[in-house]
Each structure stands twice: as structure tokens, then as C-alpha cells.
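One file, data_30.txt, is given below (compact mmCIF, C-alpha atoms).
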# COMPACT_ATOMS: atom_id res chain seq x y z
CA CYS N 68 288.61 -78.07 -156.78
CA ALA N 69 285.76 -79.18 -158.99
CA SER N 70 284.66 -76.21 -161.00
CA VAL N 71 280.95 -75.92 -161.39
CA LYS N 72 279.85 -75.13 -164.95
CA PRO N 73 278.25 -71.67 -164.69
CA GLN N 74 274.79 -71.72 -166.32
CA GLY N 75 274.17 -67.96 -166.26
CA PRO N 76 272.36 -66.22 -163.34
CA SER N 77 270.59 -68.90 -161.34
CA THR N 78 266.93 -68.24 -160.88
CA SER N 79 267.32 -67.91 -157.09
CA ASN N 80 269.74 -64.98 -157.49
CA ALA N 81 267.45 -63.44 -160.03
CA ALA N 82 264.53 -63.96 -157.65
CA THR N 83 266.28 -62.38 -154.67
CA ALA N 84 267.42 -59.55 -156.94
CA VAL N 85 263.80 -58.95 -157.85
CA THR N 86 262.44 -59.04 -154.28
CA ALA N 87 265.29 -56.83 -153.07
CA GLN N 88 264.13 -54.15 -155.48
CA THR N 89 260.39 -54.39 -154.93
CA ALA N 90 259.35 -51.52 -152.75
CA ARG N 91 255.67 -50.95 -152.08
CA ALA N 92 254.00 -48.29 -150.00
CA TYR N 93 250.35 -47.93 -149.08
CA HIS N 94 248.71 -45.56 -146.67
CA GLY N 95 245.12 -45.21 -145.61
CA ARG N 96 242.85 -46.04 -142.73
CA PHE N 97 242.01 -49.22 -140.84
CA ALA N 98 239.09 -50.22 -138.67
CA VAL N 99 239.29 -53.45 -136.72
CA GLN N 100 236.53 -55.14 -134.73
CA TYR N 101 237.63 -57.93 -132.44
CA VAL N 102 236.79 -59.76 -129.25
CA ASP N 103 239.27 -59.26 -126.42
CA GLN N 104 240.48 -61.85 -123.89
CA ASN N 105 237.42 -61.52 -121.66
CA GLY N 106 234.97 -61.75 -124.52
CA GLN N 107 234.38 -57.99 -124.86
CA GLN N 108 233.57 -56.62 -128.33
CA ARG N 109 236.31 -54.05 -129.00
CA ASN N 110 237.31 -51.85 -131.93
CA ALA N 111 240.40 -50.01 -133.10
CA TYR N 112 240.53 -47.30 -135.74
CA GLY N 113 243.23 -45.08 -137.17
CA ASN N 114 245.56 -44.34 -140.06
CA PHE N 115 248.15 -46.82 -141.30
CA ASP N 116 251.33 -46.41 -143.27
CA TRP N 117 252.75 -49.52 -145.02
CA GLN N 118 256.38 -49.52 -146.22
CA GLU N 119 257.61 -52.68 -147.96
CA HIS N 120 261.27 -52.98 -148.96
CA GLY N 121 262.17 -56.38 -150.38
CA ASP N 122 260.97 -58.90 -147.82
CA THR N 123 260.73 -56.45 -144.90
CA VAL N 124 257.41 -54.77 -144.18
CA THR N 125 256.99 -51.91 -141.71
CA VAL N 126 253.45 -50.88 -140.78
CA GLN N 127 252.84 -47.78 -138.65
CA LEU N 128 249.43 -47.49 -136.97
CA ARG N 129 248.60 -43.90 -136.06
CA ASN N 130 245.66 -42.09 -134.53
CA PRO N 131 243.92 -39.48 -136.68
CA LEU N 132 245.97 -36.65 -135.14
CA GLY N 133 249.13 -38.39 -136.33
CA GLN N 134 250.52 -39.92 -133.16
CA THR N 135 251.96 -43.37 -133.71
CA MET N 136 250.13 -46.04 -131.71
CA ALA N 137 252.24 -49.02 -132.88
CA ILE N 138 254.97 -49.93 -135.36
CA VAL N 139 255.04 -53.49 -136.68
CA THR N 140 258.08 -54.71 -138.61
CA SER N 141 257.96 -58.13 -140.23
CA SER N 142 260.80 -59.83 -142.06
CA PRO N 143 261.44 -63.51 -142.80
CA ALA N 144 263.69 -63.88 -139.78
CA THR N 145 261.86 -61.94 -137.11
CA ALA N 146 258.94 -59.68 -136.26
CA THR N 147 259.16 -56.58 -134.06
CA LEU N 148 256.38 -54.61 -132.38
CA GLU N 149 257.06 -51.17 -130.93
CA LEU N 150 254.53 -49.51 -128.64
CA PRO N 151 254.84 -46.05 -127.05
CA ASN N 152 256.93 -46.03 -123.88
CA ARG N 153 257.59 -49.75 -124.03
CA GLN N 154 260.59 -51.84 -125.04
CA PRO N 155 260.31 -53.23 -128.58
CA MET N 156 259.04 -56.81 -128.50
CA THR N 157 260.25 -59.43 -130.96
CA ALA N 158 258.97 -62.88 -131.90
CA ASP N 159 259.31 -65.12 -134.89
CA ASN N 160 255.67 -64.54 -135.88
CA VAL N 161 254.08 -61.09 -136.20
CA SER N 162 250.46 -62.26 -135.66
CA THR N 163 251.02 -63.76 -132.19
CA LEU N 164 253.09 -60.69 -131.25
CA MET N 165 250.29 -58.29 -132.20
CA GLN N 166 247.52 -60.51 -130.81
CA ASN N 167 249.14 -60.61 -127.37
CA ALA N 168 250.10 -56.93 -127.21
CA LEU N 169 247.19 -55.25 -129.04
CA GLY N 170 244.39 -57.82 -128.70
CA PHE N 171 244.03 -57.93 -132.48
CA THR N 172 246.32 -58.69 -135.36
CA LEU N 173 246.77 -57.70 -138.97
CA PRO N 174 247.66 -60.57 -141.34
CA VAL N 175 250.79 -58.73 -142.49
CA GLU N 176 252.26 -61.70 -144.37
CA GLY N 177 249.06 -62.24 -146.31
CA LEU N 178 248.47 -58.53 -146.89
CA ARG N 179 251.76 -58.27 -148.79
CA TYR N 180 249.91 -60.03 -151.62
CA TRP N 181 246.25 -59.31 -150.87
CA LEU N 182 246.83 -55.53 -151.13
CA GLN N 183 248.41 -55.83 -154.58
CA PRO N 184 245.85 -57.53 -155.02
CA SER N 185 246.96 -61.10 -155.57
CA VAL N 186 246.81 -64.50 -153.97
CA ALA N 187 249.64 -65.34 -151.54
CA PRO N 188 251.89 -68.04 -153.03
CA THR N 189 252.27 -69.80 -149.70
CA SER N 190 248.99 -71.77 -149.57
CA LYS N 191 245.83 -72.83 -151.43
CA ALA N 192 243.35 -70.11 -152.24
CA THR N 193 240.05 -69.76 -154.06
CA THR N 194 239.31 -66.57 -155.97
CA GLU N 195 236.34 -64.91 -157.64
CA SER N 196 236.59 -62.19 -160.25
CA ASP N 197 234.26 -59.23 -160.70
CA PRO N 198 231.70 -60.32 -163.37
CA GLN N 199 231.62 -56.80 -164.84
CA GLN N 200 235.38 -56.45 -164.85
CA GLN N 201 237.21 -59.74 -165.17
CA SER N 202 240.58 -58.13 -164.46
CA HIS N 203 239.36 -57.10 -160.99
CA LEU N 204 239.50 -59.64 -158.22
CA LYS N 205 236.29 -59.64 -156.22
CA GLN N 206 237.16 -62.11 -153.45
CA ILE N 207 239.98 -64.32 -152.18
CA GLN N 208 239.57 -67.07 -149.61
CA GLN N 209 242.93 -68.06 -148.11
CA ASP N 210 244.52 -68.98 -144.77
CA GLY N 211 241.14 -68.81 -143.03
CA TRP N 212 240.49 -65.28 -144.29
CA THR N 213 237.77 -64.04 -146.63
CA ILE N 214 239.02 -60.97 -148.48
CA ASP N 215 236.38 -58.89 -150.27
CA TYR N 216 237.50 -56.17 -152.66
CA LEU N 217 234.73 -53.55 -152.49
CA ALA N 218 236.27 -50.83 -154.65
CA TYR N 219 239.22 -50.14 -156.86
CA ALA N 220 240.87 -46.78 -157.41
CA ASP N 221 239.35 -44.61 -160.17
CA ALA N 222 241.44 -44.54 -163.36
CA PRO N 223 244.19 -43.59 -164.10
CA ALA N 224 245.13 -44.87 -160.66
CA THR N 225 245.02 -48.65 -160.42
CA GLY N 226 244.91 -50.74 -157.30
CA VAL N 227 242.64 -51.50 -154.43
CA LYS N 228 240.72 -48.71 -152.72
CA ARG N 229 238.41 -50.54 -150.28
CA VAL N 230 238.96 -54.06 -148.95
CA ASN N 231 237.38 -56.00 -146.05
CA LEU N 232 239.14 -58.95 -144.43
CA GLU N 233 237.15 -61.30 -142.25
CA ARG N 234 238.28 -64.27 -140.19
CA SER N 235 235.81 -66.40 -138.27
CA GLU N 236 238.06 -68.27 -135.86
CA PRO N 237 239.01 -66.34 -133.69
CA PRO N 238 236.59 -63.65 -134.92
CA LEU N 239 238.30 -60.63 -136.49
CA ASP N 240 236.86 -58.08 -138.90
CA ILE N 241 239.19 -55.62 -140.66
CA LYS N 242 238.15 -52.80 -142.97
CA LEU N 243 240.82 -50.95 -144.96
CA VAL N 244 240.62 -47.94 -147.24
CA LEU N 245 243.74 -47.14 -149.27
CA ASP N 246 244.48 -43.55 -150.28
CA GLN N 247 245.87 -43.13 -153.77
CA SER T 109 255.98 -14.90 -123.76
CA GLY T 110 254.50 -18.10 -125.06
CA THR T 111 253.24 -19.35 -121.69
CA GLU T 112 251.51 -16.05 -120.94
CA GLN T 113 249.79 -16.07 -124.31
CA LEU T 114 248.68 -19.67 -123.82
CA LYS T 115 247.24 -18.96 -120.37
CA GLN T 116 245.51 -15.90 -121.80
CA PHE T 117 244.22 -17.95 -124.73
CA VAL T 118 242.96 -20.73 -122.52
CA SER T 119 241.19 -18.36 -120.13
CA GLN T 120 239.83 -15.79 -122.61
CA VAL T 121 239.02 -17.89 -125.65
CA ARG T 122 236.00 -19.86 -124.53
CA SER T 123 235.27 -21.00 -128.09
CA ALA T 124 236.79 -20.55 -131.54
CA ARG T 125 236.44 -21.58 -135.16
CA GLY T 126 239.06 -21.79 -137.92
CA GLU T 127 241.01 -23.82 -140.44
CA PHE T 128 244.06 -26.06 -140.10
CA VAL T 129 246.66 -27.65 -142.33
CA GLN T 130 248.33 -30.77 -140.88
CA THR T 131 251.70 -32.02 -142.11
CA GLU T 132 253.18 -35.26 -140.87
CA VAL T 133 256.98 -35.41 -140.99
CA ARG T 134 257.83 -39.06 -140.57
CA ALA T 135 261.13 -39.98 -138.97
CA PRO T 136 262.29 -43.50 -139.99
CA SER T 137 261.27 -45.84 -137.17
CA ASN T 138 264.36 -47.32 -135.53
CA ALA T 139 263.02 -50.83 -136.18
CA GLN T 140 262.93 -50.01 -139.88
CA GLN T 141 266.58 -48.98 -139.68
CA GLN T 142 267.68 -52.12 -137.87
CA ALA T 143 265.56 -54.48 -139.98
CA SER T 144 266.73 -53.22 -143.34
CA GLY T 145 270.14 -52.21 -142.01
CA VAL T 146 270.31 -49.22 -144.26
CA LEU T 147 268.54 -45.96 -143.41
CA SER T 148 265.61 -46.03 -145.84
CA THR T 149 265.61 -42.48 -147.16
CA GLN T 150 262.23 -43.21 -148.72
CA GLY T 151 260.69 -43.10 -145.25
CA THR T 152 262.25 -39.89 -143.91
CA THR T 153 260.90 -36.92 -145.76
CA GLN T 154 257.63 -38.46 -146.90
CA ASN T 155 255.34 -35.66 -145.70
CA LYS T 156 251.62 -36.33 -145.70
CA VAL T 157 249.49 -33.18 -145.77
CA SER T 158 245.84 -33.01 -144.76
CA SER T 159 243.59 -30.06 -144.07
CA GLY T 160 240.19 -29.14 -142.74
CA THR T 161 238.25 -27.00 -140.30
CA PHE T 162 237.75 -26.97 -136.54
CA THR T 163 235.36 -25.50 -134.03
CA PHE T 164 235.62 -25.80 -130.28
CA ALA T 165 233.91 -24.67 -127.08
CA ARG T 166 235.49 -25.26 -123.71
CA PRO T 167 235.39 -27.62 -121.96
CA GLY T 168 235.36 -30.76 -124.02
CA LYS T 169 233.34 -29.76 -127.07
CA PHE T 170 234.97 -29.72 -130.48
CA ILE T 171 234.59 -30.60 -134.15
CA TRP T 172 237.84 -31.47 -135.91
CA ALA T 173 236.95 -32.15 -139.55
CA TYR T 174 239.50 -33.38 -142.07
CA GLU T 175 238.30 -32.57 -145.59
CA LYS T 176 241.35 -33.31 -147.70
CA PRO T 177 242.69 -35.80 -148.82
CA TYR T 178 239.82 -37.74 -147.27
CA ALA T 179 236.78 -37.04 -145.10
CA GLN T 180 237.32 -37.90 -141.43
CA LEU T 181 235.51 -36.24 -138.56
CA LEU T 182 236.37 -36.14 -134.85
CA GLN T 183 233.58 -34.62 -132.75
CA ALA T 184 233.10 -34.32 -129.02
CA ASP T 185 229.85 -33.10 -127.51
CA GLY T 186 231.26 -32.79 -124.00
CA ASP T 187 230.19 -36.34 -123.18
CA LYS T 188 231.09 -38.64 -126.06
CA LEU T 189 233.80 -38.66 -128.74
CA TYR T 190 232.58 -39.59 -132.23
CA VAL T 191 234.98 -40.52 -135.04
CA TYR T 192 233.30 -40.72 -138.46
CA ASP T 193 235.19 -42.08 -141.47
CA LYS T 194 233.28 -41.44 -144.68
CA ASP T 195 235.12 -43.99 -146.86
CA LEU T 196 234.71 -46.73 -144.24
CA ASN T 197 231.14 -45.46 -143.64
CA GLN T 198 231.42 -45.96 -139.90
CA VAL T 199 231.19 -43.96 -136.66
CA THR T 200 233.00 -45.10 -133.55
CA VAL T 201 231.55 -43.75 -130.31
CA ARG T 202 233.52 -43.60 -127.08
CA LYS T 203 233.05 -41.90 -123.73
CA LEU T 204 235.03 -38.67 -123.78
CA GLY T 205 236.12 -38.97 -120.14
CA GLY T 206 239.88 -39.36 -119.88
CA ALA T 207 240.27 -39.71 -123.66
CA LEU T 208 241.13 -35.99 -123.87
CA GLY T 209 243.33 -35.98 -120.77
CA ALA T 210 246.87 -35.33 -121.91
CA SER T 211 246.14 -35.39 -125.64
CA PRO T 212 246.93 -32.42 -127.86
CA ALA T 213 243.17 -31.82 -128.17
CA ALA T 214 242.99 -31.19 -124.43
CA ILE T 215 245.26 -28.18 -124.81
CA LEU T 216 242.90 -26.38 -127.13
CA PHE T 217 239.54 -27.82 -126.23
CA GLY T 218 239.80 -29.24 -122.75
CA SER T 219 239.16 -27.64 -119.43
CA ASN T 220 241.83 -25.09 -118.63
CA ASP T 221 243.80 -26.75 -115.80
CA LEU T 222 246.67 -27.43 -118.18
CA GLU T 223 249.26 -27.41 -115.45
CA LYS T 224 247.63 -30.51 -114.00
CA ASN T 225 248.63 -32.55 -117.06
CA PHE T 226 251.62 -30.65 -118.47
CA THR T 227 254.73 -28.75 -117.46
CA LEU T 228 254.93 -25.52 -119.48
CA LYS T 229 258.17 -23.95 -120.64
CA ASP T 230 258.85 -20.98 -122.94
CA ALA T 231 260.71 -21.98 -126.08
CA GLY T 232 261.60 -18.59 -127.57
CA VAL T 233 260.61 -16.76 -130.73
CA LYS T 234 261.04 -18.28 -134.19
CA ALA T 235 259.93 -16.51 -137.39
CA GLY T 236 257.93 -14.01 -135.38
CA ILE T 237 256.08 -16.75 -133.51
CA ASP T 238 256.26 -17.05 -129.73
CA TRP T 239 256.70 -20.75 -128.94
CA LEU T 240 256.18 -22.64 -125.73
CA GLU T 241 256.62 -26.30 -124.93
CA LEU T 242 254.30 -28.58 -123.00
CA ILE T 243 255.66 -31.83 -121.60
CA PRO T 244 253.01 -34.33 -120.46
CA LYS T 245 253.40 -35.17 -116.78
CA SER T 246 252.04 -38.71 -117.23
CA LYS T 247 254.70 -40.98 -118.72
CA ASP T 248 252.28 -43.18 -120.59
CA THR T 249 251.13 -40.85 -123.37
CA GLN T 250 251.59 -41.32 -127.07
CA PHE T 251 253.57 -38.14 -127.50
CA GLN T 252 256.71 -36.74 -125.97
CA ARG T 253 256.05 -33.03 -126.13
CA VAL T 254 253.84 -30.44 -127.76
CA GLY T 255 254.96 -27.08 -129.05
CA ILE T 256 252.43 -24.26 -129.42
CA GLY T 257 253.10 -21.04 -131.29
CA PHE T 258 251.32 -17.70 -130.84
CA ARG T 259 251.61 -14.46 -132.74
CA ASP T 260 250.36 -11.47 -130.68
CA GLY T 261 247.83 -13.56 -128.79
CA ASN T 262 246.62 -15.55 -131.77
CA LEU T 263 247.09 -19.31 -131.99
CA GLU T 264 249.35 -19.91 -135.02
CA ALA T 265 250.75 -23.41 -134.92
CA MET T 266 251.24 -26.60 -132.96
CA GLU T 267 253.97 -29.26 -133.16
CA LEU T 268 253.14 -32.71 -131.83
CA HIS T 269 256.24 -34.87 -131.26
CA ASP T 270 255.31 -38.48 -130.71
CA VAL T 271 257.50 -40.93 -128.81
CA PHE T 272 258.83 -42.44 -132.07
CA GLY T 273 260.19 -39.15 -133.30
CA ASN T 274 257.38 -38.51 -135.77
CA VAL T 275 256.28 -34.89 -135.83
CA THR T 276 252.80 -33.58 -136.73
CA LEU T 277 252.76 -29.88 -137.64
CA LEU T 278 249.44 -28.01 -137.40
CA LYS T 279 249.12 -24.55 -138.96
CA PHE T 280 245.98 -22.59 -138.04
CA SER T 281 244.32 -19.77 -140.02
CA ASN T 282 241.16 -17.62 -140.16
CA ILE T 283 240.54 -18.12 -136.45
CA GLN T 284 237.44 -16.44 -135.05
CA LYS T 285 237.57 -16.14 -131.27
CA ASN T 286 234.41 -16.57 -129.22
CA PRO T 287 232.04 -16.73 -132.22
CA SER T 288 228.34 -17.06 -131.42
CA LEU T 289 227.56 -20.77 -131.82
CA PRO T 290 224.08 -22.36 -131.94
CA ALA T 291 223.24 -24.34 -128.80
CA ASP T 292 223.34 -27.66 -130.66
CA ALA T 293 226.53 -26.80 -132.60
CA PHE T 294 228.29 -29.88 -131.22
CA LYS T 295 225.37 -32.31 -131.31
CA PHE T 296 226.42 -35.29 -133.44
CA THR T 297 223.95 -36.88 -135.87
CA VAL T 298 224.93 -40.21 -137.41
CA PRO T 299 225.15 -39.88 -141.19
CA LYS T 300 222.48 -41.96 -142.93
CA GLY T 301 223.52 -45.55 -143.46
CA ALA T 302 226.76 -45.36 -141.45
CA ASP T 303 227.57 -48.21 -139.06
CA VAL T 304 227.77 -47.14 -135.43
CA ILE T 305 230.43 -48.95 -133.38
CA ASN T 306 230.52 -48.46 -129.63
CA GLY T 307 233.50 -48.83 -127.31

For the structure just supplied, provide its representation as C-alpha cells.
Amino acid sequence: CASVKPQGPSTSNAATAVTAQTARAYHGRFAVQYVDQNGQQRNAYGNFDWQEHGDTVTVQLRNPLGQTMAIVTSSPATATLELPNRQPMTADNVSTLMQNALGFTLPVEGLRYWLQPSVAPTSKATTESDPQQQSHLKQIQQDGWTIDYLAYADAPATGVKRVNLERSEPPLDIKLVLDQ
Amino acid sequence: SGTEQLKQFVSQVRSARGEFVQTEVRAPSNAQQQASGVLSTQGTTQNKVSSGTFTFARPGKFIWAYEKPYAQLLQADGDKLYVYDKDLNQVTVRKLGGALGASPAAILFGSNDLEKNFTLKDAGVKAGIDWLELIPKSKDTQFQRVGIGFRDGNLEAMELHDVFGNVTLLKFSNIQKNPSLPADAFKFTVPKGADVING
């Protein structure tokens, strides 16, 4: 058989090795304002817990007293939504799954990057840095979302503390605060 | 027994004030196990601790104030439920109505017909605490069962088991029973500059 000349670790292996290791966790609170199917202004509020292992993200939405309201799991192949007392639902896209079941959605795929904070590599984006602190992103516009970084964690902690995400079509307004 | 002490507590303690420490013990969600195949140990014992104070007056009036690690206030004035998040600078307002129903809050703060919403069962003594278990009668609640612990008539602890296997432990301390409370103790005033969101 033709032997392929090995050229050292191919970048793709290296890349998957890197993503397999990346593990990120955020927890904090979310507030969502949305319009439901019959045009009613609705809101949802609670605590969230974000666990990212490689390319799988699991987000638990909980009410302040700690009961889990929903668990969203998103990986390249499939997305799963678990609600209390209901069979887990799966679909290939997490946003449609959440939109249908909860009436609102969280842009999980985008948030993987926007919470770092960074631009998602998957599409065009425009960014604006904080004039006083060039290293701090002030705003990202991407995938129909406007992401405003209102506050960063106080040193020595680094990272986002307060971020608003706003989409105009269909209207959705998300406020997040991340605990350090 | 636990059930006797709960019934006594619910009938005799018209109002109370005290402190709580809340610990969330997170079980790995089964989806997380299937998706990543391996049991992610990182998710199992990650306990999140918060603490604060509470005041309540039956029926349907309470102030449940988280102070650490962040400021979050749940307040019911008998008619409406207010949730104020300081960092998000917003208050959500909702009719109290059924919201209490079969929630853990109803056990402490609601009207005292517990047996309408729960089946009660003694669960024995552990570490000097008399436990009982409440199972919600309605199938569509966010939690599976609630454990309540008393020590000689005093409310000590609660365990909230949600349907995903996550457990919230509440430890109570410095409880004053039937304190004298000002008439407007549960009146909610919107903090200056906070957004008010209805519904």
C-alpha cells in the first residue's frame, strides 16, 4: 500500500486535541424578555450554569431556589432539551428546540465565543473596543445579534461580568451577569 | 415525629425571621453523561453556596433575601411576587396566585393546608434532626420531593430534590418565631433606577 509520508502531527489532530481539552464553566443569572407566539411580552429570569467540555456545552437554567427549569445540551451532532417531567427533546439545532419549547432561545453556539469574550469564527462580525481600555471589547455585532459588554470582572479576575445580547428579528433581549 | 412538628410549626408559627445557608449539590444531568459519554466528574460535586436572611408571615407574605455571593431578593406581599436582581438592576413582578402552590416556599410561607398539595411521610431521625418527606401531589412540579428537618420543634433544614436529581440544601439559624413585625414589613418598594418588568 502507498505509504503516506508522515509530516508530524497534522493541524487537524492538534486542533481536535486542543478543543477536547478546553473546558469552560460560567455561572450567573439570566433575564430574558421576549414576545411569545400570541404577541404577549413575556420574561424569564433565573440562575444559569454553563459547562463546556470540548465541543459539548451543557447549560442548566434554574430558578433562584435552585430547582432546574431546563437543561440544554448542544454538541456539533445534536442538541437536547430536558424539561421537568417531560421526555428529553432532540433536534439538530438548539435554537429552534428552545424557541419551540420555551418561547425564547439562548444563542448557545454564539455564546461559546461571546462569553470569552471573542468573536465567533463562523461568520462576519464587527467589533468595537472600549476607548479607555483597548484590551476590553465593548461591542460585537454578529449573526443578527448586538452584544454589549457592560462590565468586566474586577482584577485579579478577568473576564466578562455583565453582558447584554439583543436581537431585533424576532425580538429578543437577554441580560447576563456572570459570577466570578 | 417530623410530621407532628411540621403541623405544629405550620399552625403555631404565624410568622418568623432568621438566616439561611443554601448549598446546591449538582448531580450530572443525564444528557451531559450521554453527550460526552464519560461521566464528567467536574459537574458532580461542584457545590454552590449562597446565604442570606428570610422573614415570613402566613399566608403568602415573605422576604427571601440572598446576600452572598450576590444580591437577589424574592419578596411576596400576599398579592404579588417581586424578584429583584441587583446586578441586573431589574425587578420582575408577577401575581402570587398559584406561583406558591406546590413550591418549597409554600411549605414555610403559604397557607397551612399542606395536605392539599403534598403527601407527608416521616423519614426518621438523622444527626438529632427529625426529618419528614413531602411529595407533591401534582405531577407537574419542578421538584420531586422536599425533606424538612426539625429539632425539638424548631425548623432546622430543608432538602429540595428537583426532578433532575439536583439537591438544594437549606440550613436555617437564629430563627425568631412570631416576632412583632411592622404592618408594612412586606411592602415592596422598587429600588431607585431599577427596571420593573411585569408578567

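Taking CA of Gly307 in chain T and CA of Asn110 in chain N as endpoints, the distance between them is 6.7 Å.
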
Would you list which chain N residues are within 8 Å of chain T using only C-alpha atoms, as a ChimeraX atom specification? /N:98,108-110,118,120,123,125,132-136,138,140,142,147,149,151-152,242-244

Residues near Phe128 in chain T, cut-off 10 Å, all atoms listed in the file, skip fewer than 3 positions along chain, as a CSV table (one decimal) with C-alpha atoms, in the coordinates of the input:
chain,number,residue,atom,x,y,z
T,131,THR,CA,251.7,-32.0,-142.1
T,158,SER,CA,245.8,-33.0,-144.8
T,159,SER,CA,243.6,-30.1,-144.1
T,160,GLY,CA,240.2,-29.1,-142.7
T,161,THR,CA,238.2,-27.0,-140.3
T,162,PHE,CA,237.8,-27.0,-136.5
T,172,TRP,CA,237.8,-31.5,-135.9
T,173,ALA,CA,237.0,-32.2,-139.6
T,174,TYR,CA,239.5,-33.4,-142.1
T,264,GLU,CA,249.4,-19.9,-135.0
T,265,ALA,CA,250.8,-23.4,-134.9
T,277,LEU,CA,252.8,-29.9,-137.6
T,278,LEU,CA,249.4,-28.0,-137.4
T,279,LYS,CA,249.1,-24.6,-139.0
T,280,PHE,CA,246.0,-22.6,-138.0
T,281,SER,CA,244.3,-19.8,-140.0
T,282,ASN,CA,241.2,-17.6,-140.2
T,283,ILE,CA,240.5,-18.1,-136.4

What separates CA of Ser190 in chain N and CA of Thr213 in chain N is a distance of 13.9 Å

Which residues are near Phe97 in chain N? Cut-off 12 Å, all atoms listed in the file, ignore same chain within fewer than 2 positions. Put them as an NGL selection string. (:N and (93-95 or 99-100 or 110-117 or 126-131 or 172-173 or 228-232 or 240-246)) or (:T and (193 or 195-198))

Residues within 12 Å of (260.4, -17.7, -133.7), file coordinates, counting only C-alpha atoms: what are they? Give the list as a PDB file with C-alpha atoms, in the coordinates of the input.
ATOM      1  CA  SER T 109     255.980 -14.900-123.760  1.00  0.00           C
ATOM      2  CA  GLY T 110     254.500 -18.100-125.060  1.00  0.00           C
ATOM      3  CA  ASP T 230     258.850 -20.980-122.940  1.00  0.00           C
ATOM      4  CA  ALA T 231     260.710 -21.980-126.080  1.00  0.00           C
ATOM      5  CA  GLY T 232     261.600 -18.590-127.570  1.00  0.00           C
ATOM      6  CA  VAL T 233     260.610 -16.760-130.730  1.00  0.00           C
ATOM      7  CA  LYS T 234     261.040 -18.280-134.190  1.00  0.00           C
ATOM      8  CA  ALA T 235     259.930 -16.510-137.390  1.00  0.00           C
ATOM      9  CA  GLY T 236     257.930 -14.010-135.380  1.00  0.00           C
ATOM     10  CA  ILE T 237     256.080 -16.750-133.510  1.00  0.00           C
ATOM     11  CA  ASP T 238     256.260 -17.050-129.730  1.00  0.00           C
ATOM     12  CA  TRP T 239     256.700 -20.750-128.940  1.00  0.00           C
ATOM     13  CA  LEU T 240     256.180 -22.640-125.730  1.00  0.00           C
ATOM     14  CA  GLY T 255     254.960 -27.080-129.050  1.00  0.00           C
ATOM     15  CA  ILE T 256     252.430 -24.260-129.420  1.00  0.00           C
ATOM     16  CA  GLY T 257     253.100 -21.040-131.290  1.00  0.00           C
ATOM     17  CA  PHE T 258     251.320 -17.700-130.840  1.00  0.00           C
ATOM     18  CA  ARG T 259     251.610 -14.460-132.740  1.00  0.00           C
ATOM     19  CA  GLU T 264     249.350 -19.910-135.020  1.00  0.00           C
ATOM     20  CA  ALA T 265     250.750 -23.410-134.920  1.00  0.00           C
TER      21      ALA T 265
END

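Restricting the calculation to all atoms listed in the file, the smallest distance between Pro174 in chain N and any of N:Gln206, N:Ser141, N:Asn105, N:Thr225 is found for N:Ser141.
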
I'd like the contact shell of range 234-236 of chain N - 10 Å cut-off, only C-alpha atoms, skipping same-chain residues fewer than 3 positions apart - returned as a list in words. Gln208, Gln209, Asp210, Gly211, Trp212, Thr213, Ile214, Leu239, Asp240 and Ile241 of chain N

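Take CA of Tyr192 in chain T and CA of Phe294 in chain T: the distance between them is 14.0 Å.
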